[in-house]
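One structure is given below, encoded as structure tokens.
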Amino acid sequence: MYLYNSATHKKEEFKTHTPGHVEMYTCGPTVYHFAHIGNLRSYIMEDVLEKYLRYAGYDVNRVMNITDVGHLTSDADEGEDKMLKGARREHKTVMEIAQFYTDAFFADCEKLNIKRPDTVQPATGLIEDYIRIVSTLIDKGYAYLAGGNVYFDTSKLSRYYIFNDHNEDDLAVGVREGVEEDTNKKNKNDFVLWFTKSKFEDQALKWDSPWGVGYPGWHIECSGISMKYNGEYLDLHCGGVDNAFPHHTNEIAQSESYLGHPWCSHWCHVAHLNTEGGKMSKSKGEFLTVSLLEEKGYDPIVYRFFCLQSHYRKALVFSWENLDNAVVAFNKLVAKIAALKPDDGAVDEAVLREYKDKFNTQMGNDLNSSMGVTALYDALKAKTNDATKLAIIGDFDTVLSLDLLKKAAAKREETAKAAATQTAGGYTVTGEGDPAIDALVMARYEAKKAKNFAEADRIRDELKAQGIEIVDAKDGATWKRV
Ligand code: AMP
Ligand code: ZN
């Protein structure tokens, strides 16, 4: 597979530490509020990436954190605790908030066919690991104590910036106007590994540590969780593009300093979903969630389809009009698949292989999911029987996860029901889509018309034995299973 690597700024052949095996880590949600559909764009694309890697034959171990402590409202180390803010807003404890929004996050993921990672670890569960890493960083001279907090000393690194090529003079990045600088820091980009003192003394969750009672910084959780479940060599780290700096930059700094060797070889960042008005936010404008999509009558899978139609490295603009266009395209696609006949012969394995290879190459080219979607239309046009076309589509859908065969089968059934209305001589039979039953009901009508009442009764009894109830009407009958 070829995948763009944000750390080297180029598309590269994807190589793993252990051949055939991928250790994958993705930054999980901060669980103080519902995820917005922008956050979920990142998780959809990461899900496609994981499923593609499995499709391509890799064995994948995927790990994700749940940020239930330590992520501040500001990207700098100052600001309010997001979790505490959520708890205050809803008059709940921080842990209640975390559990509620973790469950809500996975419920959204399920609706979008996003697979749950192999390991999901809440940040609060590994405090001992962070303390061990921070202690080692202090021992190795990479971290210092100041004003009660432990800071990472970025001046100890030969290279700090990884994802953007700016230099030390551009330190304005990540430091916002109006944000007071932390005077404990030796260097502007130093970041907190462990807090005992912060602007918000009423931090709810605290643990004992060699440096006093406090709590971990946000960045250390991802390093700690990944090292525990992925091991010392990480093949692939993903997240939204806003995570590249400072979060991922700091993860690299502390992990490599702790381990003493390179840590993660491949970094993948998903570009943002924006609204027409600009950046998507949980606080301003319409709060776009999966529930809102459902309330407005959209199938969440259509949102997944909408995301797959564009490349993960390109910013995507969300509007209701754009989503409506996706609905039209998706429904047409499902209708075309539903029109295929599932039992029109055996699957042509050679054709299936040919299409699989093509799909593999397209998706393996920096996860070109829009080409992956186009491949579905190509399969529909393939010079082969319907059974093979359906096999190809089902195969691609193990990666795309659009429920195409399931939705097409439902559509087929719906059509069969509509078509179940049989008319003969002005007599109409409406049933539940079983032509054999329709025929029996029609035969009963014919028998009655011919005054063969014994036969008509026999048919009625036969239908009754099958659990079929007939309701006679003026010009026909309706039947249903009871
Ligand atoms: P958070 O819950 O804020 O930590 O964010 C969860 C994930 O969503 C992270 O990987 C973010 O980088 C990503 N993310 C945040 N905003 C957007 C957006 N507008 N579009 C795509 N991904 C986003
Ligand atoms: Zn992270």
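How things are named: the first chain in the structure tokens is A, the next is B, and so on; residues count from 1 in each chain; ligands count from 1 in the order shown.
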
Worksheet item: Using only C-alpha atoms and all ligand atoms, which protein or nucleic acid residues are at most 10 Å from ligand 2, as a PyMOL selection string?
Response: chain A and resi 25-30+64-67+218-223+225-226+237-240+243-244+247-248+250-251

Item to complete: Using only C-alpha atoms and all ligand atoms, determine which residues fall within 10 Å of ligand 1, then list them as a count of residues only.
Response: 54

Give one line per residue of region 90-133 of chain A that approaches region 395-408 of chain A to at most 10 Å, naming the two atoms of the closest pair and their distance in Å to one decimal, counting only C-alpha atoms; sort by chain then ascending residue number and deliver it as JSON lines.
```
{"residue": "A:Leu112", "atom": "CA", "partner": "A:Ser401", "partner_atom": "CA", "distance": 8.5}
{"residue": "A:Asn113", "atom": "CA", "partner": "A:Ser401", "partner_atom": "CA", "distance": 6.2}
{"residue": "A:Ile114", "atom": "CA", "partner": "A:Ser401", "partner_atom": "CA", "distance": 8.2}
{"residue": "A:Lys115", "atom": "CA", "partner": "A:Ser401", "partner_atom": "CA", "distance": 9.6}
```

Worksheet item: DSSP says strand (DSSP E or B) for which residues of region 269-425 of chain A? Put them as number ranges by chain?
Response: A: 269-270, 273-275, 278-279, 316-318, 365, 422-424

Item to complete: Would you mind listing what lies within 10 Å of region 425-442 of chain A as a PyMOL selection string, with only C-alpha atoms counted and same-chain residues fewer than 4 positions away left out?
Response: chain A and resi 413-421+446-448+456+459-460+462-463+466+468+470-481

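Residues in contact with Ile127 (chain A) at 10 Å, where only C-alpha atoms are counted and same-chain residues fewer than 4 positions away are skipped, are listed as Ala123, Ile131, Arg132, Lys206, Trp207, Asp208, Ser209, Tyr215, Pro216, Ile220, Glu221, Gly224 and Ile225 of chain A.
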
Output N, CA, C and O atoms of each residue in that selection to a file, as a PDB file, in the first residue's frame.
```
ATOM      1  N   ALA A 123      -8.249   7.057  29.478  1.00  0.00           N
ATOM      2  CA  ALA A 123      -6.972   7.601  29.965  1.00  0.00           C
ATOM      3  C   ALA A 123      -6.810   7.424  31.465  1.00  0.00           C
ATOM      4  O   ALA A 123      -5.696   7.205  31.952  1.00  0.00           O
ATOM      5  N   ILE A 131       3.066   7.786  35.099  1.00  0.00           N
ATOM      6  CA  ILE A 131       4.009   8.171  36.162  1.00  0.00           C
ATOM      7  C   ILE A 131       5.382   7.540  35.885  1.00  0.00           C
ATOM      8  O   ILE A 131       6.412   8.194  36.002  1.00  0.00           O
ATOM      9  N   ARG A 132       5.366   6.293  35.435  1.00  0.00           N
ATOM     10  CA  ARG A 132       6.635   5.617  35.128  1.00  0.00           C
ATOM     11  C   ARG A 132       7.352   6.328  33.971  1.00  0.00           C
ATOM     12  O   ARG A 132       8.557   6.591  34.046  1.00  0.00           O
ATOM     13  N   LYS A 206      -7.827  13.399  40.598  1.00  0.00           N
ATOM     14  CA  LYS A 206      -6.415  13.582  40.990  1.00  0.00           C
ATOM     15  C   LYS A 206      -5.843  12.266  41.506  1.00  0.00           C
ATOM     16  O   LYS A 206      -6.563  11.458  42.080  1.00  0.00           O
ATOM     17  N   TRP A 207      -4.552  12.107  41.310  1.00  0.00           N
ATOM     18  CA  TRP A 207      -3.875  10.893  41.766  1.00  0.00           C
ATOM     19  C   TRP A 207      -2.555  11.275  42.456  1.00  0.00           C
ATOM     20  O   TRP A 207      -1.960  12.309  42.118  1.00  0.00           O
ATOM     21  N   ASP A 208      -2.139  10.410  43.323  1.00  0.00           N
ATOM     22  CA  ASP A 208      -0.868  10.648  43.993  1.00  0.00           C
ATOM     23  C   ASP A 208       0.265  10.357  43.004  1.00  0.00           C
ATOM     24  O   ASP A 208       0.124   9.510  42.128  1.00  0.00           O
ATOM     25  N   SER A 209       1.366  11.093  43.157  1.00  0.00           N
ATOM     26  CA  SER A 209       2.518  10.859  42.282  1.00  0.00           C
ATOM     27  C   SER A 209       3.774  11.287  43.029  1.00  0.00           C
ATOM     28  O   SER A 209       3.672  11.946  44.063  1.00  0.00           O
ATOM     29  N   TYR A 215      -2.552  15.296  38.155  1.00  0.00           N
ATOM     30  CA  TYR A 215      -3.133  14.540  37.038  1.00  0.00           C
ATOM     31  C   TYR A 215      -2.243  14.690  35.804  1.00  0.00           C
ATOM     32  O   TYR A 215      -1.458  15.647  35.701  1.00  0.00           O
ATOM     33  N   PRO A 216      -2.346  13.733  34.880  1.00  0.00           N
ATOM     34  CA  PRO A 216      -1.448  13.763  33.716  1.00  0.00           C
ATOM     35  C   PRO A 216      -1.848  14.816  32.684  1.00  0.00           C
ATOM     36  O   PRO A 216      -3.014  15.204  32.603  1.00  0.00           O
ATOM     37  N   ILE A 220       0.585  12.777  27.218  1.00  0.00           N
ATOM     38  CA  ILE A 220       1.215  11.573  27.776  1.00  0.00           C
ATOM     39  C   ILE A 220       0.283  10.367  27.725  1.00  0.00           C
ATOM     40  O   ILE A 220       0.717   9.236  27.624  1.00  0.00           O
ATOM     41  N   GLU A 221      -1.033  10.624  27.751  1.00  0.00           N
ATOM     42  CA  GLU A 221      -1.966   9.491  27.760  1.00  0.00           C
ATOM     43  C   GLU A 221      -1.827   8.660  26.477  1.00  0.00           C
ATOM     44  O   GLU A 221      -1.822   7.436  26.520  1.00  0.00           O
ATOM     45  N   GLY A 224       1.444   6.693  26.519  1.00  0.00           N
ATOM     46  CA  GLY A 224       1.368   5.608  27.505  1.00  0.00           C
ATOM     47  C   GLY A 224       0.475   4.476  27.042  1.00  0.00           C
ATOM     48  O   GLY A 224       0.840   3.298  27.143  1.00  0.00           O
ATOM     49  N   ILE A 225      -0.699   4.831  26.521  1.00  0.00           N
ATOM     50  CA  ILE A 225      -1.664   3.808  26.091  1.00  0.00           C
ATOM     51  C   ILE A 225      -1.113   3.033  24.891  1.00  0.00           C
ATOM     52  O   ILE A 225      -1.182   1.816  24.830  1.00  0.00           O
TER      53      ILE A 225
END
```

Practice prompt. Would you work out the distance separating CA of Lys451 (chain A) from CA of Gly467 (chain A), expressed in Å to one decimal?
Written response: 25.1 Å

Worksheet item: Just how far from CA of Asn5 (chain A) is CA of Trp267 (chain A), in Å to one decimal?
Response: 5.2 Å

Response to the item:
Nearest to Val290 (chain A), restricted to only C-alpha atoms and choosing among A:Tyr160, A:Tyr2, A:Tyr233, A:Phe106, comes out as A:Phe106

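Distances to Leu323 (chain A) were evaluated for A:Gly297, A:Gly148, A:Gly260, A:Pro19 using only C-alpha atoms, and the minimum falls at A:Gly297.
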
Practice prompt. Give the alpha helix (DSSP H) residues of region 108-320 of chain A, as assigned by DSSP on the backbone, as number ranges by chain.
Written response: A: 108-111, 127-139, 218-230, 249-259, 290-295, 300-308, 320

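Candidate residues A:His9, A:Phe195, A:Ala338, A:Leu205 were compared for distance to Ala387 (chain A), and the nearest is A:Ala338, using only C-alpha atoms.
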
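For the choices A:Ile162, A:Ser155, A:Ala204, A:Gln121, the atom-to-atom distance to Thr93 (chain A) is smallest for A:Ala204 when using only C-alpha atoms.
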
Practice prompt. Could you jot down the CA of Asp344 (chain A) to CA of Thr388 (chain A) separation for me, Å, one decimal place?
Written response: 9.1 Å

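Checking A:Gln362, A:Val69, A:Thr374, A:Ala107 one by one against Val94 (chain A), counting only C-alpha atoms, you find the shortest gap at A:Val69.
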